[in-house]
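To be precise, the following lines are model_6.tsv, and they hold TSV, C-alpha atoms and all ligand atoms.
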```
chain	number	residue	atom	x	y	z
A	215	MET	CA	-15.96	-17.35	-14.80
A	216	LEU	CA	-13.48	-19.47	-12.84
A	217	GLU	CA	-10.58	-21.16	-14.65
A	218	LYS	CA	-7.98	-23.28	-12.93
A	219	GLY	CA	-5.24	-22.31	-15.40
A	220	PRO	CA	-4.98	-19.66	-18.09
A	221	ILE	CA	-8.09	-19.45	-20.27
A	222	GLY	CA	-7.94	-21.31	-23.57
A	223	LEU	CA	-5.41	-23.95	-22.57
A	224	GLY	CA	-7.97	-26.72	-22.15
A	225	ASN	CA	-9.31	-28.42	-25.25
A	226	THR	CA	-10.22	-25.03	-26.71
A	227	GLY	CA	-6.54	-24.38	-27.39
A	228	ARG	CA	-5.71	-27.99	-28.23
A	229	ASN	CA	-8.13	-28.87	-30.99
A	230	THR	CA	-7.73	-29.03	-34.75
A	231	THR	CA	-10.12	-26.09	-35.25
A	232	ILE	CA	-12.71	-27.67	-37.54
A	233	VAL	CA	-16.16	-26.07	-37.74
A	234	ARG	CA	-19.06	-27.66	-39.60
A	235	SER	CA	-22.72	-28.62	-39.17
A	236	ASN	CA	-22.87	-31.89	-41.14
A	237	TYR	CA	-24.60	-34.05	-38.57
A	238	LEU	CA	-27.29	-36.59	-39.44
A	239	LEU	CA	-29.79	-36.20	-36.61
A	240	PRO	CA	-32.05	-33.13	-36.78
A	241	GLN	CA	-31.53	-32.35	-33.07
A	242	ASN	CA	-27.79	-32.17	-33.75
A	243	HIS	CA	-27.69	-30.56	-37.19
A	244	HIS	CA	-30.09	-27.76	-36.20
A	245	PHE	CA	-27.93	-27.04	-33.15
A	246	TYR	CA	-24.67	-27.09	-35.15
A	247	GLU	CA	-26.18	-25.07	-37.98
A	248	HIS	CA	-27.12	-22.40	-35.46
A	249	SER	CA	-23.49	-22.52	-34.35
A	250	LEU	CA	-22.19	-22.26	-37.92
A	251	LYS	CA	-24.39	-19.22	-38.53
A	252	LEU	CA	-22.97	-17.65	-35.37
A	253	TRP	CA	-19.44	-18.43	-36.64
A	254	GLU	CA	-20.29	-16.65	-39.89
A	255	GLY	CA	-20.90	-13.38	-38.00
A	256	LEU	CA	-18.58	-13.98	-35.05
A	257	GLU	CA	-15.77	-11.65	-35.98
A	258	GLN	CA	-18.20	-8.74	-36.36
A	259	ASP	CA	-19.99	-9.69	-33.13
A	260	LEU	CA	-16.76	-9.91	-31.12
A	261	ASN	CA	-14.86	-7.25	-33.08
A	262	TYR	CA	-11.94	-9.68	-33.14
A	263	ASN	CA	-10.17	-11.54	-35.94
A	264	ALA	CA	-10.88	-15.21	-35.21
A	265	MET	CA	-9.61	-16.23	-38.67
A	266	VAL	CA	-12.85	-18.02	-39.55
A	267	SER	CA	-12.12	-19.76	-42.87
A	268	GLN	CA	-14.99	-21.44	-44.73
A	269	ARG	CA	-12.68	-23.55	-46.87
A	270	GLY	CA	-14.98	-26.59	-47.06
A	271	VAL	CA	-15.02	-29.87	-45.16
A	272	VAL	CA	-15.11	-33.14	-47.06
A	273	GLY	CA	-15.37	-36.72	-45.79
A	274	LEU	CA	-14.17	-39.40	-48.23
A	275	PHE	CA	-15.93	-42.72	-48.71
A	276	HIS	CA	-14.44	-45.94	-50.02
A	277	SER	CA	-17.32	-48.44	-50.16
A	278	GLU	CA	-20.95	-48.62	-51.30
A	279	GLY	CA	-22.08	-48.87	-47.68
A	280	ALA	CA	-20.18	-45.74	-46.67
A	281	LYS	CA	-21.49	-43.95	-49.77
A	282	ASN	CA	-25.08	-44.81	-48.78
A	283	ALA	CA	-24.46	-43.45	-45.28
A	284	ALA	CA	-22.98	-40.24	-46.75
A	285	VAL	CA	-25.93	-39.80	-49.13
A	286	ARG	CA	-28.35	-40.31	-46.25
A	287	ARG	CA	-26.54	-37.76	-44.13
A	288	GLY	CA	-26.36	-35.26	-47.00
A	289	ASN	CA	-30.07	-35.68	-47.77
A	290	ALA	CA	-30.99	-35.22	-44.11
A	291	MET	CA	-28.98	-32.00	-44.02
A	292	ARG	CA	-30.43	-30.64	-47.25
A	293	LEU	CA	-33.98	-31.35	-46.07
A	294	SER	CA	-33.18	-29.05	-43.14
A	295	GLY	CA	-31.80	-26.34	-45.44
A	296	ILE	CA	-28.12	-27.08	-44.67
A	297	ASP	CA	-25.63	-27.23	-47.53
A	298	ALA	CA	-24.27	-30.65	-48.49
A	299	GLU	CA	-22.80	-31.82	-51.77
A	300	LEU	CA	-21.88	-35.25	-53.05
A	301	LEU	CA	-18.58	-35.34	-54.95
A	302	ASP	CA	-17.51	-38.17	-57.21
A	303	LYS	CA	-14.04	-39.66	-57.48
A	304	GLU	CA	-12.89	-37.31	-60.27
A	305	GLN	CA	-14.06	-34.25	-58.38
A	306	ILE	CA	-12.03	-35.44	-55.37
A	307	ARG	CA	-8.97	-35.93	-57.59
A	308	ALA	CA	-9.35	-32.44	-59.06
A	309	MET	CA	-9.96	-30.90	-55.63
A	310	CYS	CA	-6.86	-32.36	-54.00
A	311	PRO	CA	-4.31	-34.04	-56.30
A	312	LEU	CA	-2.32	-35.27	-53.28
A	313	ILE	CA	-5.01	-37.83	-52.41
A	314	ASP	CA	-4.24	-41.32	-53.68
A	315	VAL	CA	-7.68	-41.73	-55.25
A	316	ASP	CA	-6.76	-45.04	-56.93
A	317	ASN	CA	-5.28	-46.51	-53.75
A	318	GLY	CA	-5.17	-50.31	-54.26
A	319	ARG	CA	-6.48	-51.04	-50.77
A	320	PHE	CA	-8.82	-48.12	-50.13
A	321	PRO	CA	-9.85	-46.64	-53.51
A	322	VAL	CA	-11.75	-43.37	-53.10
A	323	MET	CA	-15.31	-43.51	-54.48
A	324	GLY	CA	-16.23	-39.93	-53.62
A	325	GLY	CA	-16.92	-37.64	-50.72
A	326	LEU	CA	-19.57	-35.64	-48.90
A	327	MET	CA	-18.73	-31.97	-48.79
A	328	GLN	CA	-19.99	-29.06	-46.77
A	329	ARG	CA	-18.59	-25.95	-48.42
A	330	ARG	CA	-19.59	-23.64	-45.55
A	331	GLY	CA	-17.57	-25.74	-43.10
A	332	GLY	CA	-13.93	-24.97	-42.43
A	333	THR	CA	-11.68	-23.83	-39.61
A	334	ALA	CA	-11.23	-20.98	-37.12
A	335	ARG	CA	-8.16	-19.95	-35.13
A	336	HIS	CA	-8.81	-21.60	-31.73
A	337	ASP	CA	-6.85	-19.36	-29.38
A	338	ALA	CA	-8.12	-16.23	-31.12
A	339	VAL	CA	-11.64	-17.55	-30.48
A	340	ALA	CA	-10.91	-17.92	-26.75
A	341	TRP	CA	-9.39	-14.44	-26.54
A	342	GLY	CA	-12.12	-12.84	-28.65
A	343	PHE	CA	-14.85	-14.29	-26.44
A	344	ALA	CA	-12.93	-13.36	-23.28
A	345	ARG	CA	-12.47	-9.77	-24.37
A	346	ALA	CA	-16.12	-9.40	-25.38
A	347	ALA	CA	-17.35	-11.01	-22.14
A	348	ASP	CA	-15.07	-8.78	-20.09
A	349	GLN	CA	-16.46	-5.72	-21.88
A	350	ARG	CA	-19.98	-6.85	-20.90
A	351	GLY	CA	-19.01	-7.08	-17.22
A	352	VAL	CA	-18.08	-10.75	-16.81
A	353	ASP	CA	-15.36	-11.32	-14.18
A	354	ILE	CA	-12.81	-13.78	-15.56
A	355	ILE	CA	-10.71	-15.21	-12.73
A	356	GLN	CA	-7.78	-17.26	-13.96
A	357	HIS	CA	-5.66	-19.61	-11.80
A	358	CYS	CA	-8.67	-20.25	-9.59
A	359	GLU	CA	-9.47	-23.95	-9.31
A	360	VAL	CA	-12.86	-25.11	-8.10
A	361	THR	CA	-12.18	-27.66	-5.35
A	362	GLY	CA	-15.70	-28.21	-4.04
A	363	ILE	CA	-19.36	-27.54	-4.85
A	364	ASP	CA	-21.55	-26.73	-1.85
A	365	VAL	CA	-25.02	-28.27	-1.92
A	366	GLU	CA	-27.70	-27.71	0.73
A	367	GLY	CA	-31.16	-29.28	0.62
A	368	GLY	CA	-30.67	-30.46	-2.97
A	369	ALA	CA	-29.64	-27.03	-4.29
A	370	VAL	CA	-26.25	-25.43	-4.94
A	371	VAL	CA	-25.23	-22.58	-2.67
A	372	GLY	CA	-21.65	-21.94	-3.78
A	373	VAL	CA	-18.20	-23.25	-4.64
A	374	GLN	CA	-14.93	-23.72	-2.81
A	375	THR	CA	-11.88	-22.60	-4.76
A	376	THR	CA	-8.13	-22.37	-4.30
A	377	ARG	CA	-8.70	-18.64	-3.80
A	378	GLY	CA	-11.54	-18.93	-1.28
A	379	PRO	CA	-15.27	-19.70	-1.25
A	380	ILE	CA	-17.78	-18.00	-3.57
A	381	LYS	CA	-21.53	-18.07	-2.96
A	382	ALA	CA	-23.80	-18.71	-5.95
A	383	LYS	CA	-27.41	-19.78	-6.50
A	384	LYS	CA	-26.64	-20.98	-10.01
A	385	ILE	CA	-23.50	-22.72	-11.25
A	386	GLY	CA	-22.73	-23.80	-14.82
A	387	LEU	CA	-20.11	-26.47	-15.50
A	388	ALA	CA	-18.15	-26.13	-18.75
A	389	VAL	CA	-15.06	-28.21	-18.01
A	390	ALA	CA	-14.95	-30.80	-20.83
A	391	GLY	CA	-12.81	-33.82	-19.78
A	392	ASN	CA	-13.06	-32.82	-16.12
A	393	THR	CA	-16.87	-32.94	-16.03
A	394	SER	CA	-17.03	-36.20	-14.07
A	395	ARG	CA	-14.61	-34.82	-11.46
A	396	LEU	CA	-16.56	-31.58	-10.99
A	397	ALA	CA	-19.93	-33.35	-11.01
A	398	GLN	CA	-18.70	-35.70	-8.30
A	399	MET	CA	-17.95	-32.66	-6.12
A	400	ALA	CA	-21.72	-32.17	-6.10
A	401	GLY	CA	-22.33	-35.89	-5.50
A	402	LEU	CA	-23.38	-36.56	-9.09
A	403	ASP	CA	-22.27	-39.47	-11.29
A	404	VAL	CA	-22.45	-38.56	-14.99
A	405	PRO	CA	-22.43	-40.91	-18.02
A	406	ILE	CA	-19.21	-39.44	-19.39
A	407	GLU	CA	-15.83	-41.10	-19.91
A	408	SER	CA	-12.63	-39.12	-20.22
A	409	HIS	CA	-10.29	-40.16	-23.03
A	410	VAL	CA	-7.24	-38.57	-24.58
A	411	LEU	CA	-7.31	-37.40	-28.21
A	412	GLN	CA	-4.09	-36.42	-29.93
A	413	ALA	CA	-3.34	-33.88	-32.64
A	414	PHE	CA	-0.29	-33.28	-34.80
A	415	VAL	CA	1.30	-30.55	-36.86
A	416	SER	CA	3.99	-30.97	-39.51
A	417	GLU	CA	6.76	-28.64	-40.57
A	418	GLY	CA	5.50	-25.71	-42.66
A	419	VAL	CA	5.17	-26.26	-46.41
A	420	LYS	CA	3.67	-24.36	-49.33
A	421	PRO	CA	-0.14	-24.49	-49.73
A	422	LEU	CA	-1.06	-28.12	-50.46
A	423	VAL	CA	-4.39	-28.87	-48.83
A	424	ASP	CA	-7.11	-26.30	-49.41
A	425	GLN	CA	-9.95	-28.01	-47.52
A	426	VAL	CA	-10.45	-30.05	-44.38
A	427	ILE	CA	-10.36	-33.68	-45.55
A	428	THR	CA	-11.27	-36.83	-43.65
A	429	PHE	CA	-10.08	-40.29	-44.68
A	430	GLY	CA	-12.99	-42.74	-44.67
A	431	ALA	CA	-10.96	-45.92	-44.32
A	432	GLY	CA	-8.87	-45.13	-41.26
A	433	HIS	CA	-8.52	-42.67	-38.44
A	434	PHE	CA	-7.14	-39.59	-40.15
A	435	TYR	CA	-8.19	-36.06	-41.08
A	436	ILE	CA	-6.15	-33.08	-42.23
A	437	SER	CA	-6.12	-29.37	-42.97
A	438	GLN	CA	-3.38	-26.79	-43.44
A	439	SER	CA	-2.75	-23.86	-41.15
A	440	ASP	CA	-2.02	-20.36	-42.39
A	441	LYS	CA	1.60	-20.86	-41.28
A	442	GLY	CA	1.85	-23.84	-43.66
A	443	GLY	CA	1.88	-26.66	-41.13
A	444	LEU	CA	-0.36	-29.60	-41.92
A	445	VAL	CA	-2.66	-30.08	-38.94
A	446	PHE	CA	-4.01	-33.57	-38.50
A	447	GLY	CA	-5.36	-36.16	-36.12
A	448	GLY	CA	-7.23	-39.42	-35.77
A	449	GLY	CA	-9.18	-41.34	-33.16
A	450	LEU	CA	-8.99	-41.68	-29.39
A	451	ASP	CA	-6.12	-43.40	-27.62
A	452	GLY	CA	-8.77	-45.80	-26.34
A	453	TRP	CA	-8.50	-45.97	-22.57
A	454	ASN	CA	-9.74	-43.74	-19.80
A	455	THR	CA	-7.39	-41.05	-18.59
A	456	TYR	CA	-7.19	-37.45	-17.42
A	457	ALA	CA	-3.65	-37.06	-18.85
A	458	GLN	CA	-3.23	-34.35	-21.49
A	459	ARG	CA	-0.70	-36.38	-23.47
A	460	GLY	CA	-0.95	-39.32	-25.84
A	461	ASN	CA	0.75	-42.59	-26.57
A	462	LEU	CA	2.99	-43.77	-29.40
A	463	PRO	CA	0.80	-46.52	-30.96
A	464	VAL	CA	-1.78	-43.89	-31.93
A	465	VAL	CA	0.96	-41.64	-33.33
A	466	GLU	CA	2.00	-44.49	-35.60
A	467	HIS	CA	-1.61	-45.33	-36.49
A	468	VAL	CA	-2.47	-41.75	-37.47
A	469	TRP	CA	0.67	-41.23	-39.57
A	470	SER	CA	0.18	-44.53	-41.40
A	471	ALA	CA	-3.49	-43.75	-42.15
A	472	GLY	CA	-2.34	-40.34	-43.41
A	473	VAL	CA	0.26	-41.88	-45.70
A	474	ALA	CA	-2.37	-44.32	-47.04
A	475	MET	CA	-4.54	-41.35	-48.01
A	476	MET	CA	-1.73	-39.01	-49.14
A	477	PRO	CA	1.49	-40.98	-49.79
A	478	SER	CA	3.56	-37.80	-50.16
A	479	LEU	CA	3.06	-37.09	-46.45
A	480	SER	CA	5.80	-39.66	-45.83
A	481	ARG	CA	8.29	-36.98	-46.90
A	482	LEU	CA	7.20	-34.58	-44.14
A	483	ARG	CA	8.63	-34.19	-40.67
A	484	GLY	CA	6.32	-33.96	-37.70
A	485	LEU	CA	6.82	-30.76	-35.73
A	486	ARG	CA	4.61	-31.11	-32.68
A	487	GLN	CA	2.10	-33.48	-31.13
A	488	TRP	CA	-0.17	-33.05	-28.11
A	489	GLY	CA	-3.28	-34.42	-26.40
A	490	GLY	CA	-6.46	-33.17	-24.79
A	491	VAL	CA	-8.99	-34.84	-22.49
A	492	MET	CA	-12.30	-35.51	-24.22
A	493	ASP	CA	-15.64	-35.78	-22.44
A	494	MET	CA	-17.13	-38.77	-24.29
A	495	THR	CA	-20.82	-39.68	-24.08
A	496	PHE	CA	-21.82	-43.10	-25.34
A	497	ASP	CA	-24.34	-41.80	-27.88
A	498	GLY	CA	-21.85	-39.32	-29.35
A	499	SER	CA	-24.06	-36.29	-28.64
A	500	HIS	CA	-23.58	-33.52	-26.11
A	501	ILE	CA	-25.40	-32.48	-22.94
A	502	ILE	CA	-26.61	-28.93	-22.30
A	503	GLY	CA	-29.08	-28.62	-19.50
A	504	LYS	CA	-30.18	-28.95	-15.93
A	505	THR	CA	-28.96	-31.59	-13.51
A	506	PRO	CA	-30.87	-33.28	-10.65
A	507	ILE	CA	-29.31	-30.67	-8.34
A	508	GLN	CA	-31.21	-27.40	-8.34
A	509	GLY	CA	-29.13	-24.53	-9.70
A	510	LEU	CA	-26.44	-26.79	-11.22
A	511	TYR	CA	-26.27	-26.77	-15.03
A	512	MET	CA	-23.81	-28.34	-17.41
A	513	THR	CA	-22.51	-28.11	-20.95
A	514	ALA	CA	-20.52	-31.29	-21.51
A	515	GLY	CA	-20.17	-34.52	-23.42
A	516	TRP	CA	-18.64	-32.76	-26.42
A	517	CYS	CA	-16.66	-35.79	-27.53
A	518	TYR	CA	-14.43	-34.80	-30.45
A	519	GLY	CA	-16.51	-31.87	-31.56
A	520	GLY	CA	-17.10	-29.11	-29.03
A	521	PHE	CA	-14.96	-26.45	-30.67
A	522	LYS	CA	-17.36	-25.99	-33.56
A	523	ALA	CA	-20.14	-25.79	-30.98
A	524	THR	CA	-18.49	-22.95	-29.04
A	525	PRO	CA	-20.81	-20.09	-30.07
A	526	ALA	CA	-24.00	-22.16	-29.81
A	527	SER	CA	-23.05	-24.10	-26.69
A	528	GLY	CA	-22.35	-20.86	-24.84
A	529	TRP	CA	-25.58	-19.40	-26.22
A	530	CYS	CA	-27.76	-22.38	-25.20
A	531	HIS	CA	-25.98	-22.85	-21.85
A	532	ALA	CA	-26.56	-19.17	-21.00
A	533	TRP	CA	-30.21	-19.41	-22.09
A	534	THR	CA	-30.78	-22.53	-19.97
A	535	ILE	CA	-29.20	-20.98	-16.88
A	536	ALA	CA	-31.11	-17.71	-17.27
A	537	GLN	CA	-34.50	-19.35	-17.96
A	538	ASP	CA	-33.99	-22.46	-15.81
A	539	ALA	CA	-35.31	-24.29	-18.89
A	540	PRO	CA	-33.74	-25.41	-22.18
A	541	HIS	CA	-34.04	-23.60	-25.51
A	542	THR	CA	-35.62	-25.68	-28.30
A	543	LEU	CA	-32.10	-26.10	-29.75
A	544	ASN	CA	-30.95	-28.05	-26.69
A	545	GLU	CA	-34.17	-29.51	-25.30
A	546	ALA	CA	-33.23	-33.01	-26.52
A	547	HIS	CA	-29.67	-32.79	-25.17
A	548	THR	CA	-30.59	-33.61	-21.60
A	549	LEU	CA	-28.53	-35.46	-19.03
A	550	ASP	CA	-31.70	-37.40	-18.29
A	551	ARG	CA	-31.74	-39.10	-21.71
A	552	PHE	CA	-29.18	-41.65	-20.53
A	553	ARG	CA	-31.67	-42.74	-17.83
A	554	THR	CA	-34.81	-42.68	-20.00
A	555	GLY	CA	-33.15	-44.20	-23.08
A	556	ARG	CA	-34.08	-41.30	-25.41
A	557	LEU	CA	-30.56	-41.29	-26.85
A	558	LEU	CA	-29.32	-39.16	-29.75
A	559	ASP	CA	-27.24	-41.85	-31.37
A	560	GLU	CA	-25.03	-39.82	-33.70
A	561	ARG	CA	-22.15	-42.20	-33.09
A	562	GLY	CA	-23.85	-45.15	-34.72
A	563	ASN	CA	-24.72	-43.11	-37.77
A	564	GLY	CA	-21.32	-43.06	-39.53
A	565	PRO	CA	-19.67	-42.82	-41.91
A	566	PHE	CA	-17.21	-40.57	-40.04
A	567	PRO	CA	-17.90	-41.25	-36.36
A	568	TRP	CA	-14.46	-39.98	-35.34
A	569	MET	CA	-14.63	-36.86	-37.46
A	570	GLN	CA	-13.86	-33.69	-35.56
B	601	LIG	C1	-6.76	-33.05	-30.22
B	601	LIG	C2	-8.15	-32.51	-30.26
B	601	LIG	C3	-8.71	-32.17	-31.48
B	601	LIG	C4	-10.01	-31.66	-31.53
B	601	LIG	N1	-10.48	-31.23	-32.72
B	601	LIG	C5	-11.68	-30.62	-32.76
B	601	LIG	C6	-12.12	-30.04	-33.99
B	601	LIG	O1	-11.41	-30.03	-35.00
B	601	LIG	N2	-13.36	-29.46	-34.02
B	601	LIG	C7	-14.16	-29.45	-32.92
B	601	LIG	O2	-15.29	-28.97	-33.03
B	601	LIG	N3	-13.75	-29.95	-31.73
B	601	LIG	C8	-12.53	-30.51	-31.62
B	601	LIG	N4	-12.07	-31.01	-30.43
B	601	LIG	C9	-12.96	-30.95	-29.25
B	601	LIG	C10	-13.00	-29.56	-28.63
B	601	LIG	O3	-11.70	-29.04	-28.50
B	601	LIG	C11	-13.68	-29.60	-27.27
B	601	LIG	O4	-14.91	-30.31	-27.35
B	601	LIG	C12	-14.00	-28.18	-26.79
B	601	LIG	O5	-12.86	-27.36	-26.88
B	601	LIG	C13	-14.52	-28.22	-25.37
B	601	LIG	O6	-14.63	-26.89	-24.92
B	601	LIG	P1	-14.91	-26.62	-23.41
B	601	LIG	O7	-14.91	-25.13	-23.25
B	601	LIG	O8	-16.11	-27.39	-22.99
B	601	LIG	O9	-13.67	-27.26	-22.66
B	601	LIG	P2	-12.14	-26.75	-22.48
B	601	LIG	O10	-11.70	-25.84	-23.57
B	601	LIG	O11	-11.32	-27.98	-22.20
B	601	LIG	O12	-12.26	-25.87	-21.19
B	601	LIG	C14	-12.51	-26.44	-19.92
B	601	LIG	C15	-11.69	-25.66	-18.92
B	601	LIG	O13	-12.07	-26.07	-17.62
B	601	LIG	C16	-10.96	-25.89	-16.79
B	601	LIG	N5	-11.13	-26.64	-15.56
B	601	LIG	C17	-11.10	-27.99	-15.39
B	601	LIG	N6	-11.26	-28.31	-14.10
B	601	LIG	C18	-11.44	-27.13	-13.44
B	601	LIG	C19	-11.64	-26.79	-12.06
B	601	LIG	N7	-11.71	-27.74	-11.12
B	601	LIG	N8	-11.75	-25.49	-11.75
B	601	LIG	C20	-11.67	-24.51	-12.68
B	601	LIG	N9	-11.46	-24.77	-13.99
B	601	LIG	C21	-11.35	-26.07	-14.36
B	601	LIG	C22	-9.79	-26.40	-17.65
B	601	LIG	O14	-8.56	-25.86	-17.21
B	601	LIG	C23	-10.18	-25.91	-19.03
B	601	LIG	O15	-9.53	-24.73	-19.42
B	601	LIG	C24	-10.77	-31.52	-30.33
B	601	LIG	C25	-10.20	-31.85	-29.11
B	601	LIG	C26	-8.88	-32.32	-29.06
B	601	LIG	C27	-8.27	-32.63	-27.72
```

Using structure tokens, write down the structure that the file contains.
Amino acid sequence: MLEKGPIGLGNTGRNTTIVRSNYLLPQNHHFYEHSLKLWEGLEQDLNYNAMVSQRGVVGLFHSEGAKNAAVRRGNAMRLSGIDAELLDKEQIRAMCPLIDVDNGRFPVMGGLMQRRGGTARHDAVAWGFARAADQRGVDIIQHCEVTGIDVEGGAVVGVQTTRGPIKAKKIGLAVAGNTSRLAQMAGLDVPIESHVLQAFVSEGVKPLVDQVITFGAGHFYISQSDKGGLVFGGGLDGWNTYAQRGNLPVVEHVWSAGVAMMPSLSRLRGLRQWGGVMDMTFDGSHIIGKTPIQGLYMTAGWCYGGFKATPASGWCHAWTIAQDAPHTLNEAHTLDRFRTGRLLDERGNGPFPWMQ
């Protein structure tokens, strides 16, 4: 396992830690439900406290159209045996009194809740996985940047790194926003754009927000960390970049959407803000699978949501590399689908396309 910096300081240590499986498309919700089940037993499996907290994830809706989309998504989930619950306006008010339910511009009509969703401590997850992998004999080499991928006769034979060459018959890419860069080292163009996504944390306050809540009328979602800081974010900055920092217009946009949903947030001071580089696919679904180059595999295209996938993406990626064939959970998530047109259009299926 080669990492150009210290492990966990990519998007894994930069995200807002939400885990859930409330996707509309069966190919996606079965995959994420497998992941959620792995989260539920992760701390026992890794023997490490990853602070998995099933506090519930709720997405608010503010129009009949958005309600219909939420009902459709909830029904699709329930038909697959995944928990989903429709809450009305009064249940939202009772759940979180800070929400301006009667907002003149964006009145809340209700929300779609997944009670088994929640959060996990991101850096603990990285360290827990690293420790468990190390105990099973995986060599983790930090500060070792891959600078080239050697291909002979259409098959990989090794990598060049800042610490020397390494021969390998099979190589798996798991480099998020750097996927296009690494793929190009093997002469491959991938349908992924890199965009920055920012996150924010406020000063610590007493417990105020018990769930993960997403505003349905603007780019904003929020939860509260165990230290008391409100952790929140919004949408992409909107132009292509490999920079791990964001721009001020989005800072303003996210805070104003937050204040529209919870006016009392205007009294809080922001403590920190940061950005990560997202590997965006244009159908909003991920890629786990083979590439046209023999022996080169990739897990990529995670958009806003690869943290919650961590246990299942590793699981399916490992399966695919070992078997040289996908598991049923990732057989639809091919790189090839962007050529054949068999897209998994989760993005167009709202109502919370930006939801983490
Ligand atoms: C602000 C923000 C909020 C988010 N919120 C959520 C959320 O709430 N829930 C959720 O599910 N997802 C969320 N995400 C998305 C999630 O964080 C990512 O999809 C996920 O962490 C990707 O994991 P990864 O292991 O593929 O990539 P990363 O964790 O980014 O790891 C890739 C690693 O590859 C290394 N690397 C790159 N190039 C090279 C090279 N040439 N050689 C060697 N190593 C290299 C990098 O240093 C990096 O450590 C969020 C992301 C951001 C930025």

- [ ] List every protein, DNA or RNA residue that has at least one atom no more than 9 Å from (-13.7, -26.6, -20.8) in the file's coordinates, counting only C-alpha atoms, and write the result as a list in words.
- [x]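 Residues satisfying the cut-off, written out: Glu217, Gly222, Leu223, Gly224, Asn225, Thr226, Leu387, Ala388, Val389, Ala390, Gly391, Asn392, Thr393, Thr513 and Ala514 of chain A.
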
Suppose we keep C-alpha atoms; can you now write the selection as a PDB file, keeping the file's coordinate frame?
```pdb
ATOM      1  CA  GLU A 217     -10.580 -21.160 -14.650  1.00  0.00           C
ATOM      2  CA  GLY A 222      -7.940 -21.310 -23.570  1.00  0.00           C
ATOM      3  CA  LEU A 223      -5.410 -23.950 -22.570  1.00  0.00           C
ATOM      4  CA  GLY A 224      -7.970 -26.720 -22.150  1.00  0.00           C
ATOM      5  CA  ASN A 225      -9.310 -28.420 -25.250  1.00  0.00           C
ATOM      6  CA  THR A 226     -10.220 -25.030 -26.710  1.00  0.00           C
ATOM      7  CA  LEU A 387     -20.110 -26.470 -15.500  1.00  0.00           C
ATOM      8  CA  ALA A 388     -18.150 -26.130 -18.750  1.00  0.00           C
ATOM      9  CA  VAL A 389     -15.060 -28.210 -18.010  1.00  0.00           C
ATOM     10  CA  ALA A 390     -14.950 -30.800 -20.830  1.00  0.00           C
ATOM     11  CA  GLY A 391     -12.810 -33.820 -19.780  1.00  0.00           C
ATOM     12  CA  ASN A 392     -13.060 -32.820 -16.120  1.00  0.00           C
ATOM     13  CA  THR A 393     -16.870 -32.940 -16.030  1.00  0.00           C
ATOM     14  CA  THR A 513     -22.510 -28.110 -20.950  1.00  0.00           C
ATOM     15  CA  ALA A 514     -20.520 -31.290 -21.510  1.00  0.00           C
TER      16      ALA A 514
END
```

Task: Nearest residue to Arg287 (chain A) from the set A:Pro321, A:Gly332, A:Pro240, A:Gly401 (distances using all atoms listed in the file) - done: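 With all atoms listed in the file as the atom set, the closest residue is A:Pro240.
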
Open item on the list: Show me which residues line ligand LIG 601 (chain B), defined as having an atom within 7 Å of a ligand atom where only C-alpha atoms and all ligand atoms count, and present them as a PyMOL selection string.
Closed with: chain A and resi 216-233+358-361+388-392+396+410-413+447+488-492+513-514+516-524+570

Task: Gln241 (chain A) environment, 7 Å, only C-alpha atoms, sequence neighbours closer than 3 positions dropped, as a count of residues only - done: 3

Open item on the list: Here is a test: counting all atoms listed in the file, which residue of A:Gly362, A:Gly367, A:Gly270, A:Pro421 is nearest to Gly331 (chain A)?
Closed with: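 Closest candidate: A:Gly270.
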
Open item on the list: As an exercise, work out the distance from CA of Lys384 (chain A) to CA of Gly372 (chain A) in Å and give it to one decimal place.
Closed with: 8.0 Å

Task: Ala298 (chain A) environment, 12 Å, all atoms listed in the file, sequence neighbours closer than 2 positions dropped, as a PyMOL selection string - done: chain A and resi 234-238+243+270-273+284-296+300-301+325-331

TODO: Go through A:Leu239, A:Ala431, A:Val339, A:Val365 and flag the residue nearest Asn317 (chain A), using all atoms listed in the file for the distances.
DONE: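 Of A:Leu239, A:Ala431, A:Val339, A:Val365, the one nearest Asn317 (chain A), counting all atoms listed in the file, is A:Ala431.
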
TODO: Please measure the separation of CA of Gly484 (chain A) and CA of His433 (chain A), giving the value in Å to one decimal.
DONE: 17.2 Å

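The space between CA of Asp497 (chain A) and CA of Ala369 (chain A) spans 28.3 Å.
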
- [ ] Name all residues at most 12 Å from Ile313 (chain A) (count only C-alpha atoms; drop same-chain ones fewer than 3 positions away) and give them as a VMD selection string.
- [x] chain A and resid 274 303 to 310 316 to 317 320 to 324 422 to 423 427 to 429 435 to 436 471 to 479

Open item on the list: List the spatial neighbours of Asp550 (chain A) as a list of chain:residue names - criterion: any atom at most 9 Å away, all atoms listed in the file, same-chain residues fewer than 4 positions off excluded.
Closed with: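 Close residues of Asp550 (chain A): A:Lys504, A:Thr505, A:Pro506, A:Thr554, A:Gly555, A:Arg556.
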
Selection above as a file: C-alpha atoms, as a PDB file, keeping the file's coordinate frame:
```pdb
ATOM      1  CA  LYS A 504     -30.180 -28.950 -15.930  1.00  0.00           C
ATOM      2  CA  THR A 505     -28.960 -31.590 -13.510  1.00  0.00           C
ATOM      3  CA  PRO A 506     -30.870 -33.280 -10.650  1.00  0.00           C
ATOM      4  CA  THR A 554     -34.810 -42.680 -20.000  1.00  0.00           C
ATOM      5  CA  GLY A 555     -33.150 -44.200 -23.080  1.00  0.00           C
ATOM      6  CA  ARG A 556     -34.080 -41.300 -25.410  1.00  0.00           C
TER       7      ARG A 556
END
```

Task: Residue among A:Leu543, A:Ala347, A:Leu444, A:Ile363 lying closest to Gln425 (chain A), counting only C-alpha atoms - done: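 Nearest to Gln425 (chain A): A:Leu444.
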